Amino acid sequence: MLRRTFTLALALALAGCNAPEAEVAPEPAPAENPATPEVPDEVEDKALVPSPLEMQAALEASGIETKLATLIPERTFDTSVADPDRAAVRTGAVLADMLLTVKTSDKAALLAQIDAISTGMGQLDGGTDITATLADIKTRVEADAVTRDELLKEFETLSGAVIPELEFNGVSRIVPLIQAGSWLQGTNLVARALKGATEREAASQLLKAPSVVDYFTQYTKTEGENAPEVVTKKLAESLASLKKVAVKTEPLTDEDLDTVVSVTDSVLSLL
Amino acid sequence: MTLWVAILAAAHAGLPEAEDCLQVKVREAYDAGWRFRMSHSDTLRSGGVYATRALMLAGRTYRVLACADAAAADLDVLVYDSQGTVVARDRTTDREPTLDFTPPVTGAYVVLMYHRLPAGTESAAAALALGSR
């Protein structure tokens, strides 16, 4: 099986560039006896982790109007740190913030976020192409040559399709750790939003995702070449606490939400 | 754009066709309010599958878009629950299936694409994207 990454087409599609016109296809006939393959032993986790924007949308769908962007605490993530684990998680957290605020942030704040992500990509050996892509976006932002709606699409593509396909010099844990940073930040904000909500059972499902916690936990058990033990140990402890909340079948209490906020605050601050 | 150009240069011959097709569908869906979490393209042998887990939230609707190149006869997409039971599938016989699924419970599901090829064809390219709204 030849496999390759697929970013070009989707990237261009979301960025609104020229794309082939859709052909009108005839209505396909239903299959009478369609085959049902077994789920293979090897299943990827490419689509496992919801994005911060999905979390926002799920909140709204459950009747909670709070904008996650308004709950982002004052926190500066230094993505120039040499340790790749820290740089990855921090870059992911900035990415989450940028996705949530791109439509409302002022230009200076947005440019700072782009710079932080670009710096993180550099520290992680993301390659010159992603750096050039971010520089191109920055230039257009500086020149007011791109709308915030268009930027949102481009950032969503970067987050969901481009960055996950980068090789990061062969260090396989980098992409999951970037995703972990985004997810931890999103989870932190969701817990904050739920704290003030009356009808929160539906949205609390966002915090009951043991499969996502397990996915990240496995990467804390692989040895990073230069990762200080304190980083992976702290991340593993935090994920263990989040797992206890995630597996709850009963409604989450204020105490549970406080746990999620404090645990994610703690790990994001340390890292 | 260099990143994307480099990726395209490495493309298998059939992949651009599948990806171009998916590109159009994703753009249209995006304009209709769908948000996309991931995309992937593969060259699959006849009967071959690509599968990925996806956390799906109860109450949200998920859309699986897929396209295969002209070498494929029939591309199918299916969703399985954590027990391996099919909970949604497209029943068309074309190579551009769209499948919507609203999970009854939050959990990790498996999204799978599968295609059968005409006799004499060894492989075909296929691309898949997962969105929600």
# chains A, B, ... in the order shown; residues from 1 in each chain; ligands from 1
call {"tool": "residues_around", "arguments": {"residues": "Val43 (chain A)", "least_positions_apart": "4", "cutoff": "8 Å", "atoms": "only C-alpha atoms", "output": "PyMOL selection string"}}
result
(chain A and resi 39) or (chain B and resi 50-53+110)
call {"tool": "residues_around", "arguments": {"residues": "Arg89 (chain B)", "least_positions_apart": "5", "cutoff": "9 Å", "atoms": "only C-alpha atoms", "output": "list of chain:residue names"}}
result
B:Asp76, B:Val77, B:Leu78, B:Val79, B:Tyr80, B:Leu99, B:Asp100, B:Phe101
call {"tool": "atom_distance", "arguments": {"atom1": "CA of Leu130 (chain B)", "atom2": "CA of Ala68 (chain B)"}}
result
15.4 Å
call {"tool": "residues_around", "arguments": {"residues": "region 120-127 of chain B", "least_positions_apart": "3", "cutoff": "6 Å", "atoms": "only C-alpha atoms", "output": "list in words"}}
result
Gly14, Leu15, Ala18, Glu19, His40, Ser41, Asp42, Thr43, Leu44, Arg45, Ser46, Ala66, Cys67, Ala68, Asp69, Ala71 and Ala72 of chain B
call {"tool": "write_last_selection", "arguments": {"atoms": "all heavy atoms", "output": "short mmCIF file (atom, residue, chain, number, x, y, z; two decimals), in the first residue's frame"}}
result
data_model
loop_
_atom_site.label_atom_id
_atom_site.label_comp_id
_atom_site.auth_asym_id
_atom_site.auth_seq_id
_atom_site.Cartn_x
_atom_site.Cartn_y
_atom_site.Cartn_z
N GLY B 14 -2.37 8.69 -9.48
CA GLY B 14 -3.81 8.72 -9.30
C GLY B 14 -4.28 9.58 -8.15
O GLY B 14 -5.47 9.91 -8.08
N LEU B 15 -3.40 9.91 -7.29
CA LEU B 15 -3.80 10.65 -6.10
C LEU B 15 -4.33 12.06 -6.41
O LEU B 15 -5.33 12.47 -5.81
CB LEU B 15 -2.64 10.73 -5.10
CG LEU B 15 -2.34 9.41 -4.38
CD1 LEU B 15 -1.06 9.50 -3.58
CD2 LEU B 15 -3.49 9.02 -3.45
N ALA B 18 -8.06 11.95 -7.15
CA ALA B 18 -8.89 11.73 -5.96
C ALA B 18 -8.89 12.97 -5.07
O ALA B 18 -9.93 13.37 -4.54
CB ALA B 18 -8.38 10.52 -5.18
N GLU B 19 -7.73 13.58 -4.94
CA GLU B 19 -7.62 14.75 -4.06
C GLU B 19 -8.33 15.96 -4.65
O GLU B 19 -8.95 16.74 -3.92
CB GLU B 19 -6.14 15.05 -3.80
CG GLU B 19 -5.47 13.96 -2.97
CD GLU B 19 -3.97 14.12 -2.88
OE1 GLU B 19 -3.42 15.01 -3.56
OE2 GLU B 19 -3.35 13.35 -2.13
N HIS B 40 -6.95 12.58 4.47
CA HIS B 40 -5.93 11.56 4.22
C HIS B 40 -6.14 10.99 2.83
O HIS B 40 -7.27 10.85 2.37
CB HIS B 40 -6.05 10.43 5.26
CG HIS B 40 -5.04 9.34 5.05
ND1 HIS B 40 -3.75 9.44 5.52
CD2 HIS B 40 -5.13 8.15 4.42
CE1 HIS B 40 -3.09 8.34 5.19
NE2 HIS B 40 -3.91 7.55 4.52
N SER B 41 -5.05 10.67 2.17
CA SER B 41 -5.18 9.99 0.89
C SER B 41 -4.25 8.79 0.86
O SER B 41 -3.22 8.77 1.51
CB SER B 41 -4.89 10.93 -0.28
OG SER B 41 -3.56 11.39 -0.23
N ASP B 42 -4.65 7.81 0.12
CA ASP B 42 -3.95 6.53 0.08
C ASP B 42 -4.05 5.93 -1.31
O ASP B 42 -5.00 6.22 -2.04
CB ASP B 42 -4.63 5.53 1.02
CG ASP B 42 -3.81 5.27 2.26
OD1 ASP B 42 -2.63 5.62 2.26
OD2 ASP B 42 -4.36 4.70 3.22
N THR B 43 -3.13 5.06 -1.63
CA THR B 43 -3.31 4.17 -2.77
C THR B 43 -3.59 2.78 -2.21
O THR B 43 -2.76 2.22 -1.49
CB THR B 43 -2.08 4.16 -3.68
OG1 THR B 43 -1.87 5.48 -4.17
CG2 THR B 43 -2.28 3.21 -4.84
N LEU B 44 -4.76 2.29 -2.49
CA LEU B 44 -5.19 1.02 -1.90
C LEU B 44 -5.31 -0.07 -2.96
O LEU B 44 -5.75 0.19 -4.08
CB LEU B 44 -6.57 1.19 -1.24
CG LEU B 44 -6.71 2.25 -0.15
CD1 LEU B 44 -8.16 2.37 0.27
CD2 LEU B 44 -5.83 1.92 1.03
N ARG B 45 -4.94 -1.24 -2.56
CA ARG B 45 -5.17 -2.39 -3.44
C ARG B 45 -6.66 -2.74 -3.42
O ARG B 45 -7.38 -2.31 -2.53
CB ARG B 45 -4.37 -3.61 -2.96
CG ARG B 45 -2.88 -3.40 -2.99
CD ARG B 45 -2.15 -4.70 -2.60
NE ARG B 45 -0.76 -4.45 -2.30
CZ ARG B 45 0.18 -4.18 -3.20
NH1 ARG B 45 -0.16 -4.11 -4.47
NH2 ARG B 45 1.42 -3.97 -2.84
N SER B 46 -7.07 -3.55 -4.36
CA SER B 46 -8.47 -3.97 -4.38
C SER B 46 -8.81 -4.68 -3.08
O SER B 46 -8.08 -5.58 -2.64
CB SER B 46 -8.73 -4.91 -5.55
OG SER B 46 -10.10 -5.25 -5.58
N ALA B 66 -15.42 11.25 0.57
CA ALA B 66 -14.35 10.45 -0.02
C ALA B 66 -14.44 10.48 -1.53
O ALA B 66 -15.53 10.66 -2.10
CB ALA B 66 -14.40 9.01 0.49
N CYS B 67 -13.31 10.32 -2.17
CA CYS B 67 -13.24 10.25 -3.62
C CYS B 67 -12.16 9.24 -4.01
O CYS B 67 -11.11 9.19 -3.38
CB CYS B 67 -12.83 11.60 -4.23
SG CYS B 67 -14.10 12.88 -4.21
N ALA B 68 -12.42 8.50 -5.06
CA ALA B 68 -11.40 7.61 -5.62
C ALA B 68 -11.13 8.03 -7.05
O ALA B 68 -11.95 8.71 -7.68
CB ALA B 68 -11.87 6.16 -5.58
N ASP B 69 -9.97 7.62 -7.57
CA ASP B 69 -9.67 7.97 -8.96
C ASP B 69 -10.41 7.03 -9.91
O ASP B 69 -11.14 6.12 -9.49
CB ASP B 69 -8.16 7.98 -9.21
CG ASP B 69 -7.54 6.59 -9.16
OD1 ASP B 69 -8.29 5.59 -9.08
OD2 ASP B 69 -6.30 6.50 -9.18
N ALA B 71 -9.60 4.59 -11.57
CA ALA B 71 -9.29 3.16 -11.55
C ALA B 71 -10.23 2.38 -10.65
O ALA B 71 -10.34 1.15 -10.75
CB ALA B 71 -7.85 2.95 -11.09
N ALA B 72 -10.90 3.06 -9.76
CA ALA B 72 -11.79 2.38 -8.80
C ALA B 72 -13.18 2.21 -9.39
O ALA B 72 -13.65 3.05 -10.16
CB ALA B 72 -11.86 3.17 -7.51
#
call {"tool": "residues_around", "arguments": {"residues": "region 250-254 of chain A", "least_positions_apart": "3", "cutoff": "12 Å", "atoms": "only C-alpha atoms", "output": "VMD selection string"}}
result
chain A and resid 191 to 208 244 to 247 257 to 261
call {"tool": "select_by_dssp", "arguments": {"residues": "region 6-120 of chain B", "states": "strand (DSSP E or B)", "output": "PyMOL selection string"}}
result
chain B and resi 35-45+49-56+62-68+74-80+86-89+92+98-101+107-116
call {"tool": "select_by_dssp", "arguments": {"residues": "region 3-133 of chain B", "states": "helix (DSSP H, G or I)", "output": "PyMOL selection string"}}
result
chain B and resi 3-9+15-31
call {"tool": "atom_distance", "arguments": {"atom1": "CA of Thr264 (chain A)", "atom2": "CA of Ser82 (chain B)"}}
result
27.4 Å
call {"tool": "decode", "arguments": {"residues": "region 23-129 of chain B", "atoms": "C-alpha atoms", "output": "tab-separated table (two decimals), in the first residue's frame"}}
result
chain	number	residue	atom	x	y	z
B	23	GLN	CA	-10.96	19.34	-2.64
B	24	VAL	CA	-14.14	20.46	-4.35
B	25	LYS	CA	-16.34	18.56	-1.94
B	26	VAL	CA	-14.54	19.86	1.12
B	27	ARG	CA	-14.75	23.45	-0.10
B	28	GLU	CA	-18.46	23.14	-0.73
B	29	ALA	CA	-19.02	21.51	2.65
B	30	TYR	CA	-16.92	24.12	4.41
B	31	ASP	CA	-19.05	26.85	2.88
B	32	ALA	CA	-22.10	24.99	4.18
B	33	GLY	CA	-20.82	25.17	7.74
B	34	TRP	CA	-18.93	21.91	8.14
B	35	ARG	CA	-15.61	21.99	10.01
B	36	PHE	CA	-12.94	19.52	8.94
B	37	ARG	CA	-10.73	17.71	11.39
B	38	MET	CA	-8.54	15.64	9.12
B	39	SER	CA	-7.90	14.44	5.61
B	40	HIS	CA	-5.93	11.56	4.22
B	41	SER	CA	-5.18	9.99	0.89
B	42	ASP	CA	-3.95	6.53	0.08
B	43	THR	CA	-3.31	4.17	-2.77
B	44	LEU	CA	-5.19	1.02	-1.90
B	45	ARG	CA	-5.17	-2.39	-3.44
B	46	SER	CA	-8.47	-3.97	-4.38
B	47	GLY	CA	-10.24	-4.82	-1.18
B	48	GLY	CA	-7.77	-2.73	0.77
B	49	VAL	CA	-8.92	-0.43	3.52
B	50	TYR	CA	-7.83	2.71	5.31
B	51	ALA	CA	-9.14	3.16	8.85
B	52	THR	CA	-8.78	5.81	11.51
B	53	ARG	CA	-10.33	6.28	14.92
B	54	ALA	CA	-12.35	9.43	15.51
B	55	LEU	CA	-13.79	10.76	18.72
B	56	MET	CA	-17.38	11.66	17.92
B	57	LEU	CA	-19.66	13.62	20.20
B	58	ALA	CA	-23.28	12.66	20.72
B	59	GLY	CA	-25.58	15.19	19.11
B	60	ARG	CA	-23.13	16.42	16.51
B	61	THR	CA	-23.34	15.23	12.94
B	62	TYR	CA	-20.22	13.95	11.24
B	63	ARG	CA	-19.67	13.92	7.52
B	64	VAL	CA	-17.29	11.57	5.77
B	65	LEU	CA	-16.36	12.68	2.27
B	66	ALA	CA	-14.35	10.45	-0.02
B	67	CYS	CA	-13.24	10.25	-3.62
B	68	ALA	CA	-11.40	7.61	-5.62
B	69	ASP	CA	-9.67	7.97	-8.96
B	70	ALA	CA	-10.97	6.50	-12.19
B	71	ALA	CA	-9.29	3.16	-11.55
B	72	ALA	CA	-11.79	2.38	-8.80
B	73	ALA	CA	-15.19	0.92	-9.44
B	74	ASP	CA	-16.82	1.44	-6.08
B	75	LEU	CA	-15.57	3.30	-3.04
B	76	ASP	CA	-17.37	2.75	0.24
B	77	VAL	CA	-17.12	4.48	3.57
B	78	LEU	CA	-18.28	2.91	6.82
B	79	VAL	CA	-18.38	3.89	10.48
B	80	TYR	CA	-17.93	1.30	13.23
B	81	ASP	CA	-18.52	1.60	16.92
B	82	SER	CA	-16.01	0.52	19.53
B	83	GLN	CA	-17.30	-3.05	19.34
B	84	GLY	CA	-16.55	-3.27	15.63
B	85	THR	CA	-20.21	-3.09	14.63
B	86	VAL	CA	-21.12	-1.08	11.55
B	87	VAL	CA	-23.24	1.86	12.64
B	88	ALA	CA	-23.34	3.77	9.37
B	89	ARG	CA	-22.39	3.08	5.79
B	90	ASP	CA	-22.95	4.41	2.33
B	91	ARG	CA	-24.82	2.08	0.06
B	92	THR	CA	-23.90	3.60	-3.24
B	93	THR	CA	-21.85	1.98	-5.94
B	94	ASP	CA	-20.00	5.05	-7.11
B	95	ARG	CA	-16.56	6.31	-6.23
B	96	GLU	CA	-17.55	9.58	-4.53
B	97	PRO	CA	-19.46	8.60	-1.41
B	98	THR	CA	-20.71	10.98	1.23
B	99	LEU	CA	-21.83	9.65	4.58
B	100	ASP	CA	-23.46	11.56	7.42
B	101	PHE	CA	-23.58	10.05	10.88
B	102	THR	CA	-24.97	11.39	14.14
B	103	PRO	CA	-23.57	9.25	16.94
B	104	PRO	CA	-26.04	8.26	19.64
B	105	VAL	CA	-23.31	8.25	22.26
B	106	THR	CA	-19.99	10.01	22.58
B	107	GLY	CA	-17.04	7.77	21.93
B	108	ALA	CA	-14.24	6.64	19.68
B	109	TYR	CA	-15.58	5.34	16.38
B	110	VAL	CA	-13.67	3.94	13.42
B	111	VAL	CA	-14.04	5.55	10.02
B	112	LEU	CA	-13.05	3.22	7.22
B	113	MET	CA	-12.82	3.54	3.46
B	114	TYR	CA	-12.77	0.51	1.26
B	115	HIS	CA	-12.89	-0.07	-2.43
B	116	ARG	CA	-13.26	-2.82	-4.89
B	117	LEU	CA	-11.59	-2.57	-8.26
B	118	PRO	CA	-12.52	-3.86	-11.67
B	119	ALA	CA	-10.80	-7.09	-12.70
B	120	GLY	CA	-7.26	-6.47	-13.86
B	121	THR	CA	-6.76	-3.35	-11.80
B	122	GLU	CA	-4.28	-3.67	-8.95
B	123	SER	CA	-4.75	-0.45	-7.06
B	124	ALA	CA	-6.48	2.88	-7.05
B	125	ALA	CA	-6.10	6.14	-5.21
B	126	ALA	CA	-8.62	7.38	-2.68
B	127	ALA	CA	-8.92	10.40	-0.44
B	128	LEU	CA	-11.04	10.89	2.65
B	129	ALA	CA	-11.95	13.81	4.90
